[in-house]
Amino acid sequence: MADEPTPSGQRADAQRNRERILGAAREVVGEEGTQASLRDVARRAGVGLGTLYRHFPTRDALLETLLRTGFDHLTELAAAPPAAELPPERVLADWLGEFTLRAGAFRGLPASLMATLDDPESALHASCVTMREAGGRLLRAAQEAGRIRPDVDPIDLFALVNALSWIADQAPSIAARREHLLTLVMDGLAHPGPRN
């Protein structure tokens, strides 16, 4: 007898398979990077490759689902009202710190994020653009407060922090210095004070 449909419309066994695939993908992509073998993901999940492809027809579809939670979290963080005592540049720096941590979670992700912005056909494109726009709102708030240079736009900001994530991705010894490097980036973005 087949399992009863779940509220999502999937049979319970299909939903379990999907969750097992996502759990295995987090592990395998975390270990091997965004180019990890989908065959390895299926094997780790204990499902056939056909089952994986029924749920996720492409690598991008699997990555998009895997990453959407993180992107949604970053978008929600940007939309949340900041604590009254935090200046807007600190809110922006905290958000960027969270971004670099999440971008560094999977080897190869920083390069994939940059490529995704130039590929509207990618399953990741819409989520990535939404996340960048959310960061852009924090950037504008800091600029309106006179704390960040006015010539910086969201694309500049995204490129800088993604480059920081990419460097940490390439050299694990640098990953430990991520916070310090982000401070240097923020110092470079700071609105210059009056010159004497």
# chains A, B, ... in the order shown; residues from 1 in each chain; ligands from 1

$ residues_around --residues "stretch 123-140 of chain A" --least-positions-apart "4" --cutoff "6 Å" --atoms "only C-alpha atoms" --output "PDB file with C-alpha atoms, in the first residue's frame"
ATOM      1  CA  ASP A  60      21.431  23.948 -10.145  1.00  0.00           C
ATOM      2  CA  ALA A  61      17.964  22.873  -8.987  1.00  0.00           C
ATOM      3  CA  GLU A  64      19.115  26.280  -5.400  1.00  0.00           C
ATOM      4  CA  PHE A  71      19.498  33.137   1.025  1.00  0.00           C
ATOM      5  CA  THR A  75      16.990  38.380   3.065  1.00  0.00           C
ATOM      6  CA  ALA A  78      18.188  42.504   6.002  1.00  0.00           C
ATOM      7  CA  LEU A  92      25.510  46.158   7.226  1.00  0.00           C
ATOM      8  CA  THR A 116      24.706  32.984 -11.242  1.00  0.00           C
ATOM      9  CA  LEU A 117      24.202  36.753 -11.295  1.00  0.00           C
ATOM     10  CA  GLU A 144      21.934  57.830   3.836  1.00  0.00           C
ATOM     11  CA  PRO A 154      25.062  46.816  -4.347  1.00  0.00           C
TER      12      PRO A 154
END

$ residues_around --residues "A:Leu101" --least-positions-apart "3" --cutoff "10 Å" --atoms "only C-alpha atoms" --output "PyMOL selection string"
chain A and resi 95-98+104-106+165+168+175+178-179

$ residues_around --residues "A:Ala103" --least-positions-apart "3" --cutoff "9 Å" --atoms "only C-alpha atoms" --output "list in words"
Glu98, Phe99, Thr100, Phe106, Arg107, Gly108, Leu109, Pro110, Leu113, Asn162, Ser165, Trp166 and Asp169 of chain A

$ write_last_selection --atoms "N, CA and C atoms" --output "compact mmCIF listing (two decimals), in the first residue's frame"
# COMPACT_ATOMS: atom_id res chain seq x y z
N GLU A 98 27.61 37.53 8.05
CA GLU A 98 26.76 36.35 7.90
C GLU A 98 26.81 35.84 6.46
N PHE A 99 26.81 36.76 5.51
CA PHE A 99 26.90 36.37 4.10
C PHE A 99 28.20 35.61 3.83
N THR A 100 29.33 36.14 4.30
CA THR A 100 30.61 35.47 4.02
C THR A 100 30.68 34.10 4.68
N PHE A 106 30.18 26.07 1.49
CA PHE A 106 30.38 25.05 0.46
C PHE A 106 31.51 25.48 -0.46
N ARG A 107 32.51 24.64 -0.59
CA ARG A 107 33.62 24.94 -1.48
C ARG A 107 33.08 25.15 -2.90
N GLY A 108 33.53 26.20 -3.54
CA GLY A 108 33.10 26.50 -4.90
C GLY A 108 31.88 27.40 -4.97
N LEU A 109 31.23 27.65 -3.84
CA LEU A 109 30.02 28.47 -3.87
C LEU A 109 30.28 29.92 -4.26
N PRO A 110 31.34 30.58 -3.74
CA PRO A 110 31.55 31.98 -4.15
C PRO A 110 31.64 32.16 -5.67
N LEU A 113 28.17 31.79 -7.15
CA LEU A 113 27.30 32.94 -6.91
C LEU A 113 27.54 34.04 -7.94
N ASN A 162 31.97 38.79 -1.96
CA ASN A 162 32.09 37.49 -2.62
C ASN A 162 33.56 37.18 -2.90
N SER A 165 34.97 35.91 0.23
CA SER A 165 34.55 34.52 0.41
C SER A 165 35.35 33.59 -0.51
N TRP A 166 35.60 34.05 -1.74
CA TRP A 166 36.34 33.24 -2.70
C TRP A 166 37.78 33.01 -2.22
N ASP A 169 37.80 30.58 0.39
CA ASP A 169 37.50 29.27 -0.21
C ASP A 169 38.76 28.64 -0.81

$ residues_around --residues "A:Leu181" --least-positions-apart "5" --cutoff "9 Å" --atoms "only C-alpha atoms" --output "MDAnalysis selection string"
chainID A and resid 164 174 186

$ write_last_selection --atoms "C-alpha atoms" --output "PDB file, in the first residue's frame"
ATOM      1  CA  LEU A 164      36.536  37.759   0.261  1.00  0.00           C
ATOM      2  CA  ILE A 174      42.725  32.753   5.225  1.00  0.00           C
ATOM      3  CA  MET A 186      34.283  47.964   5.748  1.00  0.00           C
TER       4      MET A 186
END

$ residues_around --residues "stretch 36-47 of chain A" --least-positions-apart "4" --cutoff "12 Å" --atoms "only C-alpha atoms" --output "PyMOL selection string"
chain A and resi 13-14+16-32+51-63+106-109

$ write_last_selection --atoms "C-alpha atoms" --output "short mmCIF file (atom, residue, chain, number, x, y, z; two decimals), in the first residue's frame"
data_model
loop_
_atom_site.label_atom_id
_atom_site.label_comp_id
_atom_site.auth_asym_id
_atom_site.auth_seq_id
_atom_site.Cartn_x
_atom_site.Cartn_y
_atom_site.Cartn_z
CA ASP A 13 7.97 8.26 1.21
CA ALA A 14 8.74 10.76 -1.56
CA ARG A 16 11.35 11.42 3.13
CA ASN A 17 13.51 10.74 0.06
CA ARG A 18 13.63 14.45 -0.73
CA GLU A 19 14.73 15.28 2.82
CA ARG A 20 17.37 12.51 2.74
CA ILE A 21 18.68 13.84 -0.57
CA LEU A 22 18.93 17.39 0.82
CA GLY A 23 20.68 16.16 3.98
CA ALA A 24 23.14 14.12 1.93
CA ALA A 25 23.68 17.05 -0.45
CA ARG A 26 24.57 19.35 2.47
CA GLU A 27 27.19 16.84 3.59
CA VAL A 28 28.62 15.96 0.17
CA VAL A 29 28.66 19.54 -1.15
CA GLY A 30 30.19 20.67 2.16
CA GLU A 31 32.97 18.11 1.72
CA GLU A 32 33.52 18.22 -2.05
CA THR A 51 15.03 9.27 -7.57
CA LEU A 52 17.43 12.19 -7.12
CA TYR A 53 16.66 13.46 -10.65
CA ARG A 54 12.89 13.15 -10.08
CA HIS A 55 13.23 15.59 -7.20
CA PHE A 56 16.04 17.73 -8.64
CA PRO A 57 16.34 17.55 -12.45
CA THR A 58 19.61 19.54 -12.52
CA ARG A 59 22.57 20.30 -10.26
CA ASP A 60 21.43 23.95 -10.14
CA ALA A 61 17.96 22.87 -8.99
CA LEU A 62 19.50 20.87 -6.13
CA LEU A 63 21.89 23.70 -5.19
CA PHE A 106 30.38 25.05 0.46
CA ARG A 107 33.62 24.94 -1.48
CA GLY A 108 33.10 26.50 -4.90
CA LEU A 109 30.02 28.47 -3.87
#

$ atom_distance --atom1 "atom CA of A:Pro120" --atom2 "atom CA of A:Asp72"
18.5 Å

$ closest_atom_pairs --of "stretch 138-182 of chain A" --to "stretch 84-88 of chain A" --cutoff "9 Å" --atoms "only C-alpha atoms" --output "Markdown table"
| residue | atom | partner | partner_atom | distance |
| --- | --- | --- | --- | --- |
| A:Leu138 | CA | A:Pro88 | CA | 7.1 |
| A:Leu139 | CA | A:Pro88 | CA | 8.1 |
| A:Ala141 | CA | A:Pro88 | CA | 6.2 |
| A:Ala142 | CA | A:Pro88 | CA | 4.8 |
| A:Gln143 | CA | A:Pro88 | CA | 8.5 |
| A:Ala145 | CA | A:Pro88 | CA | 7.3 |
| A:Arg147 | CA | A:Pro88 | CA | 7.8 |

$ atom_distance --atom1 "atom CA of A:His180" --atom2 "atom CA of A:Asp118"
29.2 Å

$ select_by_dssp --residues "chain A" --states "strand (DSSP E or B)" --output "JSON, numbers by chain"
{"A": [5, 11, 148, 190]}

$ closest_residue --among "A:Ser112, A:Thr183, A:Thr65, A:Ser173" --to "A:Gly33" --atoms "only C-alpha atoms"
A:Ser112

$ select_by_dssp --residues "stretch 101-190 of chain A" --states "alpha helix (DSSP H)" --output "VMD selection string"
chain A and resid 101 to 103 109 to 117 125 to 144 154 to 170 172 to 175 178 to 189

$ closest_residue --among "A:Ala115, A:Ala163, A:Gln170, A:Ile148" --to "A:His191" --atoms "only C-alpha atoms"
A:Ile148

$ atom_distance --atom1 "atom CA of A:Arg102" --atom2 "atom CA of A:Ala159"
15.1 Å

$ closest_residue --among "A:Ala176, A:Leu182, A:Val91, A:Leu49" --to "A:Leu77" --atoms "only C-alpha atoms"
A:Val91

$ decode --residues "stretch 143-157 of chain A" --atoms "N, CA and C atoms" --output "mmCIF file, in the first residue's frame"
data_model
loop_
_atom_site.group_PDB
_atom_site.id
_atom_site.type_symbol
_atom_site.label_atom_id
_atom_site.label_comp_id
_atom_site.auth_asym_id
_atom_site.auth_seq_id
_atom_site.Cartn_x
_atom_site.Cartn_y
_atom_site.Cartn_z
ATOM 1 N N GLN A 143 24.538 54.511 3.700
ATOM 2 C CA GLN A 143 24.923 55.663 2.879
ATOM 3 C C GLN A 143 24.101 56.893 3.248
ATOM 4 N N GLU A 144 22.800 56.703 3.467
ATOM 5 C CA GLU A 144 21.934 57.830 3.836
ATOM 6 C C GLU A 144 22.328 58.413 5.184
ATOM 7 N N ALA A 145 22.906 57.581 6.045
ATOM 8 C CA ALA A 145 23.385 58.059 7.348
ATOM 9 C C ALA A 145 24.768 58.696 7.224
ATOM 10 N N GLY A 146 25.324 58.705 6.009
ATOM 11 C CA GLY A 146 26.630 59.314 5.787
ATOM 12 C C GLY A 146 27.795 58.463 6.273
ATOM 13 N N ARG A 147 27.575 57.169 6.469
ATOM 14 C CA ARG A 147 28.612 56.308 7.038
ATOM 15 C C ARG A 147 29.371 55.495 5.997
ATOM 16 N N ILE A 148 28.796 55.322 4.817
ATOM 17 C CA ILE A 148 29.421 54.555 3.737
ATOM 18 C C ILE A 148 29.516 55.454 2.509
ATOM 19 N N ARG A 149 30.609 55.312 1.788
ATOM 20 C CA ARG A 149 30.842 56.118 0.584
ATOM 21 C C ARG A 149 29.628 56.064 -0.348
ATOM 22 N N PRO A 150 29.262 57.196 -0.940
ATOM 23 C CA PRO A 150 28.086 57.217 -1.814
ATOM 24 C C PRO A 150 28.323 56.574 -3.183
ATOM 25 N N ASP A 151 29.578 56.342 -3.553
ATOM 26 C CA ASP A 151 29.863 55.793 -4.883
ATOM 27 C C ASP A 151 29.852 54.263 -4.923
ATOM 28 N N VAL A 152 29.474 53.624 -3.825
ATOM 29 C CA VAL A 152 29.409 52.162 -3.759
ATOM 30 C C VAL A 152 27.977 51.733 -4.072
ATOM 31 N N ASP A 153 27.832 50.766 -4.965
ATOM 32 C CA ASP A 153 26.486 50.252 -5.239
ATOM 33 C C ASP A 153 26.408 48.783 -4.808
ATOM 34 N N PRO A 154 25.204 48.203 -4.811
ATOM 35 C CA PRO A 154 25.062 46.816 -4.347
ATOM 36 C C PRO A 154 25.924 45.811 -5.119
ATOM 37 N N ILE A 155 26.147 46.061 -6.397
ATOM 38 C CA ILE A 155 26.989 45.141 -7.175
ATOM 39 C C ILE A 155 28.429 45.212 -6.682
ATOM 40 N N ASP A 156 28.923 46.438 -6.412
ATOM 41 C CA ASP A 156 30.278 46.585 -5.853
ATOM 42 C C ASP A 156 30.390 45.824 -4.535
ATOM 43 N N LEU A 157 29.414 46.038 -3.681
ATOM 44 C CA LEU A 157 29.422 45.416 -2.355
ATOM 45 C C LEU A 157 29.411 43.892 -2.467
#
